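Structure file work-v4.cif (mmCIF, C-alpha atoms and all ligand atoms) is printed below.
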data_upload
#
loop_
_atom_site.label_atom_id
_atom_site.label_comp_id
_atom_site.auth_asym_id
_atom_site.auth_seq_id
_atom_site.Cartn_x
_atom_site.Cartn_y
_atom_site.Cartn_z
CA MET A 135 -95.72 11.44 -45.83
CA ARG A 136 -97.72 12.59 -48.84
CA GLU A 137 -97.74 16.22 -50.00
CA ASN A 138 -101.18 17.11 -48.56
CA ASP A 139 -101.09 15.01 -45.38
CA PHE A 140 -101.57 16.59 -41.99
CA ILE A 141 -100.87 14.38 -38.98
CA VAL A 142 -102.75 15.78 -35.99
CA SER A 143 -102.80 14.84 -32.30
CA LYS A 144 -103.92 16.43 -29.06
CA THR A 145 -102.72 15.66 -25.54
CA ASP A 146 -103.51 16.61 -21.96
CA THR A 147 -100.94 18.66 -20.03
CA ALA A 148 -99.00 15.48 -19.18
CA GLY A 149 -98.60 14.45 -22.84
CA ARG A 150 -101.27 11.71 -22.85
CA LEU A 151 -103.05 11.38 -26.18
CA SER A 152 -106.66 12.59 -26.21
CA TYR A 153 -107.14 12.82 -30.00
CA CYS A 154 -105.44 11.44 -33.12
CA ASN A 155 -106.66 12.07 -36.66
CA ARG A 156 -107.03 9.30 -39.21
CA ILE A 157 -103.64 9.98 -40.81
CA PHE A 158 -101.94 9.84 -37.39
CA ILE A 159 -103.50 6.43 -36.82
CA GLU A 160 -102.51 5.26 -40.30
CA PHE A 161 -98.86 6.30 -39.92
CA SER A 162 -98.45 5.07 -36.35
CA GLY A 163 -99.65 1.56 -37.15
CA TYR A 164 -101.64 1.48 -33.88
CA SER A 165 -105.42 1.42 -33.55
CA GLU A 166 -107.22 4.41 -32.07
CA GLN A 167 -107.96 2.35 -28.93
CA GLU A 168 -104.27 1.54 -28.53
CA LEU A 169 -103.35 5.24 -28.81
CA LEU A 170 -105.89 7.19 -26.75
CA GLY A 171 -104.84 7.65 -23.14
CA GLN A 172 -101.25 6.57 -23.88
CA GLN A 173 -98.23 8.83 -23.55
CA HIS A 174 -97.24 10.52 -26.81
CA ASN A 175 -93.85 8.83 -26.50
CA ILE A 176 -95.57 5.68 -27.84
CA ILE A 177 -94.22 6.78 -31.28
CA ARG A 178 -90.84 8.03 -29.98
CA HIS A 179 -87.91 6.90 -32.11
CA PRO A 180 -84.58 6.18 -30.34
CA ASP A 181 -82.77 8.37 -32.93
CA MET A 182 -84.48 11.50 -31.55
CA PRO A 183 -82.05 13.37 -29.28
CA ARG A 184 -83.34 13.81 -25.73
CA SER A 185 -82.21 17.42 -25.86
CA VAL A 186 -84.64 18.15 -28.74
CA ILE A 187 -87.52 16.67 -26.74
CA HIS A 188 -86.37 18.72 -23.75
CA LEU A 189 -86.43 21.88 -25.85
CA LEU A 190 -89.93 20.97 -27.05
CA TRP A 191 -91.25 20.71 -23.47
CA GLN A 192 -89.36 23.84 -22.30
CA THR A 193 -90.88 25.79 -25.17
CA LEU A 194 -94.41 24.49 -24.50
CA LYS A 195 -94.17 25.11 -20.76
CA SER A 196 -93.14 28.69 -21.38
CA GLY A 197 -96.36 29.03 -23.39
CA GLU A 198 -94.69 29.15 -26.79
CA GLU A 199 -95.18 27.15 -29.96
CA PHE A 200 -92.46 24.64 -30.89
CA PHE A 201 -91.30 23.93 -34.45
CA GLY A 202 -89.09 20.98 -35.25
CA TYR A 203 -88.17 18.00 -37.36
CA VAL A 204 -89.13 14.76 -35.64
CA LYS A 205 -88.35 11.15 -36.50
CA ASN A 206 -91.17 8.93 -35.28
CA MET A 207 -91.49 5.17 -34.95
CA THR A 208 -94.41 3.01 -36.04
CA LYS A 209 -95.77 0.04 -34.10
CA GLU A 210 -93.78 -2.26 -36.43
CA GLY A 211 -90.53 -0.37 -35.74
CA ALA A 212 -90.37 1.52 -39.06
CA PHE A 213 -89.77 5.27 -39.05
CA TYR A 214 -91.26 8.40 -40.63
CA TRP A 215 -89.99 11.99 -40.51
CA VAL A 216 -92.32 14.92 -39.95
CA PHE A 217 -92.07 18.68 -39.66
CA ALA A 218 -94.03 19.37 -36.49
CA THR A 219 -95.68 22.38 -34.94
CA VAL A 220 -96.60 21.76 -31.30
CA THR A 221 -98.82 24.33 -29.61
CA PRO A 222 -100.27 24.91 -26.13
CA SER A 223 -104.08 25.11 -25.83
CA TYR A 224 -105.35 27.70 -23.39
CA SER A 225 -108.47 27.67 -21.22
CA VAL A 226 -111.32 29.82 -22.59
CA ASP A 227 -111.89 31.11 -19.03
CA ASP A 228 -108.30 31.93 -18.24
CA SER A 229 -105.94 32.79 -21.05
CA ASN A 230 -102.94 32.03 -18.79
CA THR A 231 -103.93 28.44 -18.08
CA ILE A 232 -102.64 25.74 -20.42
CA ILE A 233 -105.18 22.90 -20.68
CA GLY A 234 -103.30 20.70 -23.12
CA PHE A 235 -101.28 20.66 -26.32
CA PHE A 236 -101.83 19.86 -29.96
CA SER A 237 -99.57 19.14 -32.86
CA VAL A 238 -99.88 19.39 -36.62
CA ARG A 239 -97.26 17.72 -38.78
CA ARG A 240 -96.49 18.08 -42.45
CA LYS A 241 -94.25 16.28 -44.89
CA PRO A 242 -90.71 17.54 -44.31
CA ASP A 243 -88.61 18.88 -47.18
CA LEU A 244 -86.02 16.19 -47.94
CA ASN A 245 -83.24 18.75 -48.48
CA LYS A 246 -83.89 20.14 -45.01
CA LEU A 247 -83.79 16.64 -43.51
CA LYS A 248 -80.34 16.26 -45.05
CA ILE A 249 -79.25 19.19 -42.87
CA ILE A 250 -81.10 18.08 -39.74
CA GLU A 251 -80.12 14.38 -39.72
CA PRO A 252 -76.38 14.98 -39.17
CA VAL A 253 -77.18 17.65 -36.56
CA TYR A 254 -79.32 15.16 -34.63
CA GLN A 255 -76.60 12.52 -35.04
CA GLN A 256 -74.01 14.87 -33.48
CA MET A 257 -76.42 15.66 -30.66
CA LEU A 258 -77.10 11.95 -30.04
CA ASP A 259 -73.37 11.15 -30.03
CA ALA A 260 -72.74 13.95 -27.52
CA GLU A 261 -75.63 12.71 -25.35
CA LYS A 262 -74.26 9.16 -25.37
CA THR A 263 -70.72 10.27 -24.55
CA ALA A 264 -71.92 12.53 -21.74
CA GLY A 265 -73.98 9.78 -20.09
CA SER A 266 -77.54 9.89 -18.85
CA ARG A 267 -77.12 12.63 -16.23
CA ASP A 268 -75.46 15.17 -18.51
CA ALA A 269 -77.05 14.11 -21.80
CA ILE A 270 -79.42 17.04 -22.18
CA SER A 271 -76.83 19.73 -21.53
CA ALA A 272 -74.34 18.00 -23.86
CA GLY A 273 -76.87 17.68 -26.69
CA THR A 274 -78.10 21.24 -26.19
CA GLN A 275 -74.52 22.51 -26.33
CA VAL A 276 -74.01 20.87 -29.73
CA LEU A 277 -77.14 22.56 -31.05
CA THR A 278 -76.15 25.93 -29.57
CA GLU A 279 -72.70 25.73 -31.18
CA ILE A 280 -74.31 25.08 -34.56
CA ILE A 281 -76.94 27.84 -34.27
CA GLU A 282 -74.98 30.59 -32.50
CA PRO A 283 -72.73 31.54 -35.45
CA THR A 284 -75.85 32.11 -37.56
CA GLY A 285 -76.98 34.88 -35.19
CA LYS A 286 -80.43 33.29 -35.01
CA ASP A 287 -82.35 31.66 -32.18
CA TYR A 288 -83.59 28.07 -32.48
CA ARG A 289 -86.98 29.06 -33.92
CA GLU A 290 -85.49 31.35 -36.55
CA PHE A 291 -82.85 28.74 -37.39
CA ILE A 292 -85.38 25.93 -37.90
CA LEU A 293 -87.78 28.10 -39.89
CA SER A 294 -84.99 29.42 -42.10
CA LEU A 295 -83.57 26.04 -43.17
C1 LIG B 1 -98.81 17.64 -28.57
C2 LIG B 1 -97.53 16.84 -28.43
C3 LIG B 1 -97.04 16.17 -29.53
C4 LIG B 1 -95.88 15.40 -29.44
N1 LIG B 1 -95.46 14.75 -30.56
C5 LIG B 1 -94.39 13.94 -30.48
C6 LIG B 1 -93.98 13.16 -31.58
O1 LIG B 1 -94.55 13.22 -32.69
N2 LIG B 1 -92.91 12.33 -31.42
C7 LIG B 1 -92.23 12.25 -30.25
O2 LIG B 1 -91.26 11.48 -30.18
N3 LIG B 1 -92.59 12.98 -29.18
C8 LIG B 1 -93.65 13.81 -29.27
N4 LIG B 1 -94.02 14.54 -28.16
C9 LIG B 1 -93.21 14.45 -26.93
C10 LIG B 1 -93.59 13.22 -26.11
O3 LIG B 1 -94.64 13.59 -25.23
C11 LIG B 1 -92.40 12.68 -25.28
O4 LIG B 1 -91.92 13.67 -24.41
C12 LIG B 1 -91.25 12.20 -26.17
O5 LIG B 1 -91.70 11.23 -27.08
C13 LIG B 1 -90.08 11.61 -25.40
O6 LIG B 1 -90.46 10.62 -24.55
P1 LIG B 1 -89.99 10.66 -23.05
O7 LIG B 1 -90.43 12.01 -22.53
O8 LIG B 1 -90.66 9.51 -22.39
O9 LIG B 1 -88.51 10.53 -23.10
C14 LIG B 1 -95.18 15.32 -28.22
C15 LIG B 1 -95.66 16.02 -27.12
C16 LIG B 1 -96.82 16.78 -27.21
C17 LIG B 1 -97.32 17.53 -26.01
#
Go ahead and express the file in the form of C-alpha cells.
Ligand SMILES: Cc1cc2nc3c(=O)[nH]c(=O)nc-3n(C[C@H](O)[C@H](O)[C@H](O)COP(=O)(O)O)c2cc1C
Amino acid sequence: MRENDFIVSKTDTAGRLSYCNRIFIEFSGYSEQELLGQQHNIIRHPDMPRSVIHLLWQTLKSGEEFFGYVKNMTKEGAFYWVFATVTPSYSVDDSNTIIGFFSVRRKPDLNKLKIIEPVYQQMLDAEKTAGSRDAISAGTQVLTEIIEPTGKDYREFILSL
C-alpha cells in the first residue's frame, strides 16, 4: 500500500460486500461487479489464522471495533498486508441494532509486521496441529500466551506495537 491509501469496504451483517472504494477494487484485482454481493472472504489469504478471524467476528458481534493486521489475497493470488479497523454500523432508529459493518485499512508499518508475521505463523502452526475442530481454541491460546505477560488486552497490545 501507498502512504496515503485508504482501502474501504462495507458489508451487510452476514459479511457480504455492499461497497468497495476504488483503492479496494484496485488492490483486490477484481472488478466492482465481481465483488459486490460476494462474501468478504473473497480476498481471504490462507496465511490468516482462523483464530484471528474468529476474534474479529466476536469483537464485531459484541458491538466493538476490531483492530488488526490482515494479509489479503488478490484475484491473481498475490498478497498485500493492511492494518484494518473494522466497525459495526448501527441503525439510526435503534442504536442497539447492528445493520452492517465497514472497514478502513491503512498501510501497515513494516516493523510492526515483522512482529505480527511470526505470531500469526505460530498461531497457524497451532491451528494445523490441533486439527479443524480445535483450531480456533489452539490459535487463540497461542495469542493469549503472547499477550498475557504484557498485562494488556488484545486491543491494547495491537495498538501499542
Ligand atoms: C467489514 C468487514 C471487513 C472484513 N475484511 C476482511 C479482510 O480484509 N480480509 C479477510 O480475510 N477477512 C475480512 N473480513 C472477514 C471475512 O468476512 C471472513 O470472515 C474471513 O475472510 C474468513 O473467511 P471465512 O469466514 O469464510 O473463513 C471482513 C469482515 C467484515 C465484516
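Closest approach to ligand LIG 1 (chain B) among A:Val276, A:Ile292, A:Val186, A:Ile281 is made by A:Val186 (distances from only C-alpha atoms and all ligand atoms).
Closest approach to Glu199 in chain A among A:Met257, A:Val238, A:Leu277, A:Ile250 is made by A:Val238 (distances from all atoms listed in the file).
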Give me, as a list in words, all polymer residues having an atom no more than 10 Å from Ile159 in chain A, counting all atoms listed in the file and skipping those fewer than 4 positions away in the same chain. Ile141, Val142, Ser143, Cys154, Asn155, Gly163, Tyr164, Ser165, Glu166, Gln167, Glu168, Leu169 and Thr208 of chain A
Per residue of chain A within 7 Å of ligand LIG 1 (chain B), what are the shortest atom pair and its distance in Å to one decimal, counting all atoms listed in the file, with rows by chain and residue number, as a Markdown table?
| residue | atom | partner | partner_atom | distance |
| --- | --- | --- | --- | --- |
| A:Ser143 | CA | B:LIG1 | C1 | 6.1 |
| A:Lys144 | CA | B:LIG1 | C1 | 5.3 |
| A:Thr145 | CA | B:LIG1 | C1 | 5.3 |
| A:Gly149 | CA | B:LIG1 | C17 | 4.6 |
| A:Gln173 | CA | B:LIG1 | O3 | 6.2 |
| A:His174 | CA | B:LIG1 | O3 | 4.3 |
| A:Asn175 | CA | B:LIG1 | O5 | 3.3 |
| A:Ile176 | CA | B:LIG1 | O5 | 6.8 |
| A:Ile177 | CA | B:LIG1 | O2 | 5.7 |
| A:Arg178 | CA | B:LIG1 | O2 | 3.5 |
| A:His179 | CA | B:LIG1 | O2 | 6.0 |
| A:Met182 | CA | B:LIG1 | O2 | 6.9 |
| A:Arg184 | CA | B:LIG1 | O9 | 6.7 |
| A:Ile187 | CA | B:LIG1 | O4 | 5.8 |
| A:Val204 | CA | B:LIG1 | N2 | 6.2 |
| A:Lys205 | CA | B:LIG1 | N2 | 6.9 |
| A:Asn206 | CA | B:LIG1 | N2 | 5.4 |
| A:Val220 | CA | B:LIG1 | C1 | 5.4 |
| A:Thr221 | CA | B:LIG1 | C1 | 6.8 |
| A:Phe235 | CA | B:LIG1 | C1 | 4.5 |
| A:Phe236 | CA | B:LIG1 | C1 | 4.0 |
| A:Ser237 | CA | B:LIG1 | C1 | 4.6 |
Next, dump the selected residues to file, keeping only C-alpha atoms, as a PDB file, keeping the file's coordinate frame.
ATOM      1  CA  SER A 143    -102.800  14.840 -32.300  1.00  0.00           C
ATOM      2  CA  LYS A 144    -103.920  16.430 -29.060  1.00  0.00           C
ATOM      3  CA  THR A 145    -102.720  15.660 -25.540  1.00  0.00           C
ATOM      4  CA  GLY A 149     -98.600  14.450 -22.840  1.00  0.00           C
ATOM      5  CA  GLN A 173     -98.230   8.830 -23.550  1.00  0.00           C
ATOM      6  CA  HIS A 174     -97.240  10.520 -26.810  1.00  0.00           C
ATOM      7  CA  ASN A 175     -93.850   8.830 -26.500  1.00  0.00           C
ATOM      8  CA  ILE A 176     -95.570   5.680 -27.840  1.00  0.00           C
ATOM      9  CA  ILE A 177     -94.220   6.780 -31.280  1.00  0.00           C
ATOM     10  CA  ARG A 178     -90.840   8.030 -29.980  1.00  0.00           C
ATOM     11  CA  HIS A 179     -87.910   6.900 -32.110  1.00  0.00           C
ATOM     12  CA  MET A 182     -84.480  11.500 -31.550  1.00  0.00           C
ATOM     13  CA  ARG A 184     -83.340  13.810 -25.730  1.00  0.00           C
ATOM     14  CA  ILE A 187     -87.520  16.670 -26.740  1.00  0.00           C
ATOM     15  CA  VAL A 204     -89.130  14.760 -35.640  1.00  0.00           C
ATOM     16  CA  LYS A 205     -88.350  11.150 -36.500  1.00  0.00           C
ATOM     17  CA  ASN A 206     -91.170   8.930 -35.280  1.00  0.00           C
ATOM     18  CA  VAL A 220     -96.600  21.760 -31.300  1.00  0.00           C
ATOM     19  CA  THR A 221     -98.820  24.330 -29.610  1.00  0.00           C
ATOM     20  CA  PHE A 235    -101.280  20.660 -26.320  1.00  0.00           C
ATOM     21  CA  PHE A 236    -101.830  19.860 -29.960  1.00  0.00           C
ATOM     22  CA  SER A 237     -99.570  19.140 -32.860  1.00  0.00           C
TER      23      SER A 237
END
Padding of 4 Å on every side, edges along x, y and z, all listed atoms of range 277-280 of chain A included: what centre and edge lengths in Å, to one decimal, does that box have, as AutoDock Vina command-line options?
--center_x -74.9 --center_y 24.2 --center_z -32.1 --size_x 12.4 --size_y 11.4 --size_z 13.0
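Here the question is which of A:Met135, A:Leu247, A:Leu151, A:Leu170 gets nearest to Gly202 in chain A using all atoms listed in the file, and that residue is A:Leu247.
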In terms of the shortest atom-to-atom distance over only C-alpha atoms, which of A:Arg240, A:Ala218, A:Ser229, A:Thr147 is closest to Lys195 in chain A? A:Thr147
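Counting only C-alpha atoms, Leu244 in chain A has the following residues at most 12 Å away, ignoring those fewer than 2 positions along the same chain: A:Met135, A:Glu137, A:Tyr203, A:Tyr214, A:Trp215, A:Val216, A:Phe217, A:Arg240, A:Lys241, A:Pro242, A:Lys246, A:Leu247, A:Lys248, A:Ile249, A:Ile250, A:Glu251, A:Leu295.
CA of Arg150 in chain A is found 21.9 Å from CA of Asp228 in chain A.
When CA of Asn245 in chain A is paired with CA of Thr193 in chain A, their separation reads 25.5 Å.
Using all atoms listed in the file, the smallest distance between any of A:Phe201, A:Val253, A:Ala212, A:Thr274 and Leu293 in chain A comes from A:Phe201.
For the atom pair formed by CA of Tyr224 in chain A and CA of Phe291 in chain A, the distance is 26.5 Å, given to one decimal.
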Counting only C-alpha atoms, the option among A:Gly211, A:Pro222, A:Pro180, A:Gly234 closest to Tyr153 in chain A: A:Gly234
